[in-house]
$ cat protein-v7.txt   # compact mmCIF, C-alpha atoms
# COMPACT_ATOMS: atom_id res chain seq x y z
CA GLU R 11 18.01 -6.81 -12.82
CA SER R 12 20.13 -5.42 -10.01
CA LEU R 13 20.83 -1.90 -8.84
CA LYS R 14 22.77 -1.55 -5.58
CA ASN R 15 20.71 -3.49 -3.02
CA ILE R 16 17.58 -3.75 -5.19
CA PHE R 17 16.97 -6.90 -7.19
CA VAL R 18 14.12 -7.27 -9.70
CA LYS R 19 13.21 -10.73 -10.97
CA ARG R 20 11.08 -10.80 -14.10
CA PHE R 21 9.05 -13.77 -15.32
CA HIS R 22 8.10 -14.56 -18.88
CA THR R 23 4.38 -14.55 -19.55
CA PRO R 24 2.61 -15.50 -22.76
CA GLU R 25 1.16 -12.78 -25.00
CA HIS R 26 -2.53 -12.18 -24.40
CA ASN R 27 -3.48 -9.36 -26.81
CA ASN R 28 -6.00 -8.10 -24.22
CA ILE R 29 -8.19 -11.17 -24.68
CA PHE R 30 -9.72 -11.88 -21.27
CA ILE R 31 -9.24 -15.66 -21.13
CA LYS R 32 -5.66 -15.29 -22.37
CA GLN R 33 -5.03 -12.65 -19.68
CA VAL R 34 -6.27 -15.09 -17.04
CA PHE R 35 -4.01 -17.83 -18.42
CA ALA R 36 -1.00 -15.47 -18.56
CA TYR R 37 -1.70 -14.38 -14.98
CA PHE R 38 -1.72 -17.99 -13.76
CA ILE R 39 1.59 -18.65 -15.51
CA TYR R 40 3.06 -15.51 -13.90
CA SER R 41 1.59 -16.30 -10.46
CA TRP R 42 2.88 -19.84 -10.42
CA SER R 43 6.38 -18.72 -11.47
CA ALA R 44 6.46 -15.87 -8.94
CA PHE R 45 5.09 -18.04 -6.13
CA LYS R 46 7.63 -20.83 -6.75
CA TYR R 47 10.47 -18.31 -6.87
CA ALA R 48 9.34 -16.48 -3.71
CA PHE R 49 8.88 -19.72 -1.82
CA SER R 50 12.33 -20.98 -2.80
CA LYS R 51 13.91 -17.65 -1.72
CA ARG R 52 11.77 -17.15 1.42
CA LYS R 53 14.80 -17.13 3.71
CA SER R 54 16.33 -14.19 1.88
CA PHE R 55 13.54 -11.64 2.49
CA ASN R 56 11.64 -10.34 5.52
CA ILE R 57 8.58 -8.56 4.13
CA ILE R 58 6.14 -8.99 1.26
CA PHE R 59 5.04 -5.79 -0.49
CA SER R 60 2.03 -6.18 -2.75
CA THR R 61 -0.47 -3.99 -4.53
CA SER R 62 -4.05 -4.57 -5.48
CA SER R 63 -3.91 -2.69 -8.72
CA ARG R 64 -5.33 -6.03 -9.75
CA LEU R 65 -6.94 -8.38 -7.29
CA GLY R 66 -4.67 -11.20 -8.41
CA THR R 67 -1.53 -9.32 -7.41
CA GLY R 68 -2.88 -8.67 -3.92
CA LEU R 69 -3.92 -12.34 -3.72
CA LEU R 70 -0.46 -13.47 -4.81
CA GLY R 71 1.12 -11.31 -2.08
CA TYR R 72 -1.28 -12.83 0.44
CA LEU R 73 -0.42 -16.40 -0.65
CA VAL R 74 3.33 -15.74 -0.53
CA SER R 75 2.93 -14.16 2.91
CA LYS R 76 0.94 -17.12 4.21
CA ALA R 77 3.34 -19.70 2.73
CA SER R 78 6.50 -17.91 3.89
CA GLY R 79 5.24 -16.69 7.26
CA LYS R 80 6.41 -13.15 6.37
CA PRO R 81 4.29 -10.04 7.00
CA LEU R 82 2.31 -8.55 4.13
CA TYR R 83 2.38 -4.82 3.44
CA LEU R 84 -0.47 -4.01 1.06
CA ASP R 85 -1.22 -1.06 -1.21
CA ILE R 86 -4.89 -0.86 -2.25
CA ARG R 87 -5.26 0.83 -5.64
CA ASP R 88 -8.49 -0.74 -6.76
CA ILE R 89 -11.57 -2.40 -5.30
CA PHE R 90 -12.09 -5.31 -7.69
CA SER R 91 -15.51 -6.32 -6.36
CA ASP R 92 -16.78 -2.77 -6.94
CA ASN R 93 -15.53 -2.82 -10.52
CA LEU R 94 -17.29 -6.13 -11.15
CA SER R 95 -20.57 -4.97 -9.64
CA SER R 96 -20.57 -1.94 -11.95
CA LEU R 97 -20.57 -4.20 -15.03
CA SER R 98 -23.99 -5.19 -16.34
CA PHE R 99 -22.72 -8.74 -16.94
CA PHE R 100 -22.56 -9.21 -13.15
CA ASN R 101 -26.06 -7.85 -12.41
CA ASN R 102 -27.69 -11.27 -12.26
CA PHE R 103 -27.86 -14.02 -9.65
CA PHE R 104 -24.58 -15.73 -10.61
CA GLY R 105 -22.78 -12.43 -11.15
CA LYS R 106 -23.77 -11.27 -7.68
CA LEU R 107 -22.43 -14.54 -6.26
CA PHE R 108 -19.08 -13.85 -7.96
CA VAL R 109 -19.00 -10.32 -6.56
CA LYS R 110 -19.72 -11.71 -3.08
CA LEU R 111 -16.90 -14.26 -3.49
CA PHE R 112 -14.44 -11.54 -4.54
CA LYS R 113 -15.48 -9.36 -1.59
CA LYS R 114 -14.65 -12.27 0.74
CA ILE R 115 -11.25 -12.64 -0.95
CA GLU R 116 -10.60 -8.90 -0.53
CA ILE R 117 -11.57 -9.14 3.16
CA LYS R 118 -9.21 -12.09 3.67
CA ILE R 119 -6.28 -10.30 1.99
CA ILE R 120 -6.79 -6.97 3.80
CA SER R 121 -7.41 -8.65 7.16
CA HIS R 122 -4.16 -10.57 6.85
CA ALA R 123 -2.02 -7.54 5.97
CA LYS R 124 0.12 -6.06 8.71
CA TRP R 125 0.10 -2.66 7.02
CA VAL R 126 -2.47 -1.29 4.53
CA ASN R 127 -2.30 1.80 2.37
CA PHE R 128 -5.25 3.21 0.44
CA VAL R 129 -4.63 5.52 -2.49
CA SER R 130 -8.06 7.04 -1.91
CA SER R 131 -9.78 7.69 1.40
CA GLY R 132 -12.99 6.60 -0.33
CA PHE R 133 -11.78 3.00 -0.35
CA SER R 134 -11.96 2.85 3.43
CA THR R 135 -15.70 3.60 3.30
CA TYR R 136 -16.63 0.42 1.43
CA PRO R 137 -18.71 -1.57 3.94
CA HIS R 138 -16.80 -4.83 3.50
CA ILE R 139 -13.50 -3.00 4.09
CA SER R 140 -14.47 -0.47 6.78
CA ASN R 141 -15.69 -3.32 9.00
CA ILE R 142 -12.30 -5.06 9.05
CA ARG R 143 -9.78 -2.24 9.45
CA ASN R 144 -9.71 1.10 11.12
CA ASP R 145 -5.93 1.34 11.04
CA TYR R 146 -4.83 2.16 7.55
CA HIS R 147 -2.55 4.65 5.87
CA LEU R 148 -3.40 7.08 3.14
CA TYR R 149 -0.78 7.81 0.50
CA THR R 150 -2.72 8.91 -2.51
CA ASN R 151 -1.89 8.82 -6.18
CA GLY R 152 -2.22 12.57 -6.58
CA ILE R 153 -5.97 13.09 -6.73
CA ASP R 154 -6.24 15.12 -3.53
CA ASP R 155 -7.94 18.30 -2.40
CA ILE R 156 -4.60 20.12 -2.61
CA PHE R 157 -4.34 19.27 -6.31
CA ILE R 158 -7.98 20.10 -6.99
CA HIS R 159 -7.68 23.51 -5.29
CA ASN R 160 -4.42 24.26 -7.07
CA ARG R 161 -6.00 23.25 -10.38
CA GLU R 162 -8.48 26.09 -9.95
CA ASN R 163 -5.58 28.53 -9.42
CA ILE R 164 -3.68 27.19 -12.41
CA ASN R 165 -6.78 27.36 -14.63
CA SER R 166 -7.40 31.00 -13.72
CA LYS R 167 -3.73 31.85 -14.44
CA ASN R 168 -3.97 30.06 -17.80
CA ASP R 169 -7.18 31.96 -18.62
CA GLU R 170 -5.35 35.24 -17.97
CA LYS R 171 -2.50 34.20 -20.27
CA HIS R 172 -4.90 33.22 -23.06
CA LYS R 173 -6.78 36.54 -22.79
CA SER R 174 -3.57 38.43 -23.45
CA LEU R 175 -2.58 36.40 -26.52
CA PRO R 176 -3.07 38.22 -29.85
CA ILE R 177 -5.47 36.53 -32.26
$ encode --input "protein-v7.txt" --output "structure tokens"
Amino acid sequence: ESLKNIFVKRFHTPEHNNIFIKQVFAYFIYSWSAFKYAFSKRKSFNIIFSTSSRLGTGLLGYLVSKASGKPLYLDIRDIFSDNLSSLSFFNNFFGKLFVKLFKKIEIKIISHAKWVNFVSSGFSTYPHISNIRNDYHLYTNGIDDIFIHNRENINSKNDEKHKSLPI
């Protein structure tokens, strides 16, 4: 898809019907296709933008950046290792090893990035992240004090409106 100077390349991925192992397989198909395409076009771009809405997307951005020698600009929307550690399935010896492995992957990705954005200031307080970066940006996804304080004002205005409605 093209619009002015923006070009979007989409890759076919198999259906997964939210079945975990099929999602993993579909992700590998997508990653391989995207990596091959990015590597073949590496001379036509200067920067890699990636998000960690899923760890795999951040990892893919990291791999493309390493292979192409282009700087990585990273948007952190999720701390995957934290999500895993909150699942009871990962509260055993092997699960904790997996969480540790994913923390190391997150450290590698974030350390490599030239520019890092967190959508929540809380992400910067995770010990494995706060130890590697003190220069990050904060562009949130809308859950900020300004919205919370305004919500209180809006709720009180709505309460006033509802009081004046006839029953």
$ residues_around --input "protein-v7.txt" --residues "Ala48 in chain R" --least-positions-apart "5" --cutoff "9 Å" --atoms "only C-alpha atoms" --output "PyMOL selection string"
chain R and resi 43+55+74+78
$ closest_residue --input "protein-v7.txt" --among "R:Leu97, R:Ile142, R:Leu65, R:Ile29" --to "Ile120 in chain R" --atoms "only C-alpha atoms"
R:Ile142
$ atom_distance --input "protein-v7.txt" --atom1 "CA of Thr150 in chain R" --atom2 "CA of His122 in chain R"
21.7 Å
$ residues_around --input "protein-v7.txt" --residues "Lys114 in chain R" --least-positions-apart "4" --cutoff "10 Å" --atoms "all atoms listed in the file" --output "PyMOL selection string"
chain R and resi 91+108-110+118-120+138-139
$ atom_distance --input "protein-v7.txt" --atom1 "CA of Phe128 in chain R" --atom2 "CA of Lys51 in chain R"
28.4 Å
$ atom_distance --input "protein-v7.txt" --atom1 "CA of Ala77 in chain R" --atom2 "CA of Asn56 in chain R"
12.8 Å
$ closest_residue --input "protein-v7.txt" --among "R:Ala36, R:Ile115, R:Leu69, R:Val126" --to "Leu84 in chain R" --atoms "all atoms listed in the file"
R:Val126
$ closest_residue --input "protein-v7.txt" --among "R:Val34, R:Ile58, R:Leu73, R:Ile39" --to "Asp85 in chain R" --atoms "all atoms listed in the file"
R:Ile58
$ residues_around --input "protein-v7.txt" --residues "Glu11 in chain R" --least-positions-apart "6" --cutoff "12 Å" --atoms "all atoms listed in the file" --output "list in words"
Phe17, Val18, Lys19, Arg20 and Phe21 of chain R
$ axis_aligned_box --input "protein-v7.txt" --around "range 107-116 of chain R" --padding-each-side "3 Å" --output "lines of an AutoDock Vina configuration file"
center_x = -16.5
center_y = -11.7
center_z = -3.6
size_x = 17.8
size_y = 11.6
size_z = 14.7
$ residues_around --input "protein-v7.txt" --residues "Ile57 in chain R" --least-positions-apart "3" --cutoff "12 Å" --atoms "all atoms listed in the file" --output "PDB file with C-alpha atoms, keeping the file's coordinate frame"
ATOM      1  CA  ALA R  48       9.340 -16.480  -3.710  1.00  0.00           C
ATOM      2  CA  ARG R  52      11.770 -17.150   1.420  1.00  0.00           C
ATOM      3  CA  LYS R  53      14.800 -17.130   3.710  1.00  0.00           C
ATOM      4  CA  SER R  54      16.330 -14.190   1.880  1.00  0.00           C
ATOM      5  CA  SER R  60       2.030  -6.180  -2.750  1.00  0.00           C
ATOM      6  CA  GLY R  71       1.120 -11.310  -2.080  1.00  0.00           C
ATOM      7  CA  TYR R  72      -1.280 -12.830   0.440  1.00  0.00           C
ATOM      8  CA  VAL R  74       3.330 -15.740  -0.530  1.00  0.00           C
ATOM      9  CA  SER R  75       2.930 -14.160   2.910  1.00  0.00           C
ATOM     10  CA  LYS R  76       0.940 -17.120   4.210  1.00  0.00           C
ATOM     11  CA  SER R  78       6.500 -17.910   3.890  1.00  0.00           C
ATOM     12  CA  GLY R  79       5.240 -16.690   7.260  1.00  0.00           C
ATOM     13  CA  LYS R  80       6.410 -13.150   6.370  1.00  0.00           C
ATOM     14  CA  PRO R  81       4.290 -10.040   7.000  1.00  0.00           C
ATOM     15  CA  LEU R  82       2.310  -8.550   4.130  1.00  0.00           C
ATOM     16  CA  TYR R  83       2.380  -4.820   3.440  1.00  0.00           C
ATOM     17  CA  LEU R  84      -0.470  -4.010   1.060  1.00  0.00           C
ATOM     18  CA  ALA R 123      -2.020  -7.540   5.970  1.00  0.00           C
ATOM     19  CA  LYS R 124       0.120  -6.060   8.710  1.00  0.00           C
ATOM     20  CA  TRP R 125       0.100  -2.660   7.020  1.00  0.00           C
TER      21      TRP R 125
END
$ residues_around --input "protein-v7.txt" --residues "Asp92 in chain R" --least-positions-apart "4" --cutoff "10 Å" --atoms "all atoms listed in the file" --output "PyMOL selection string"
chain R and resi 88+96-97+109+112-113+136
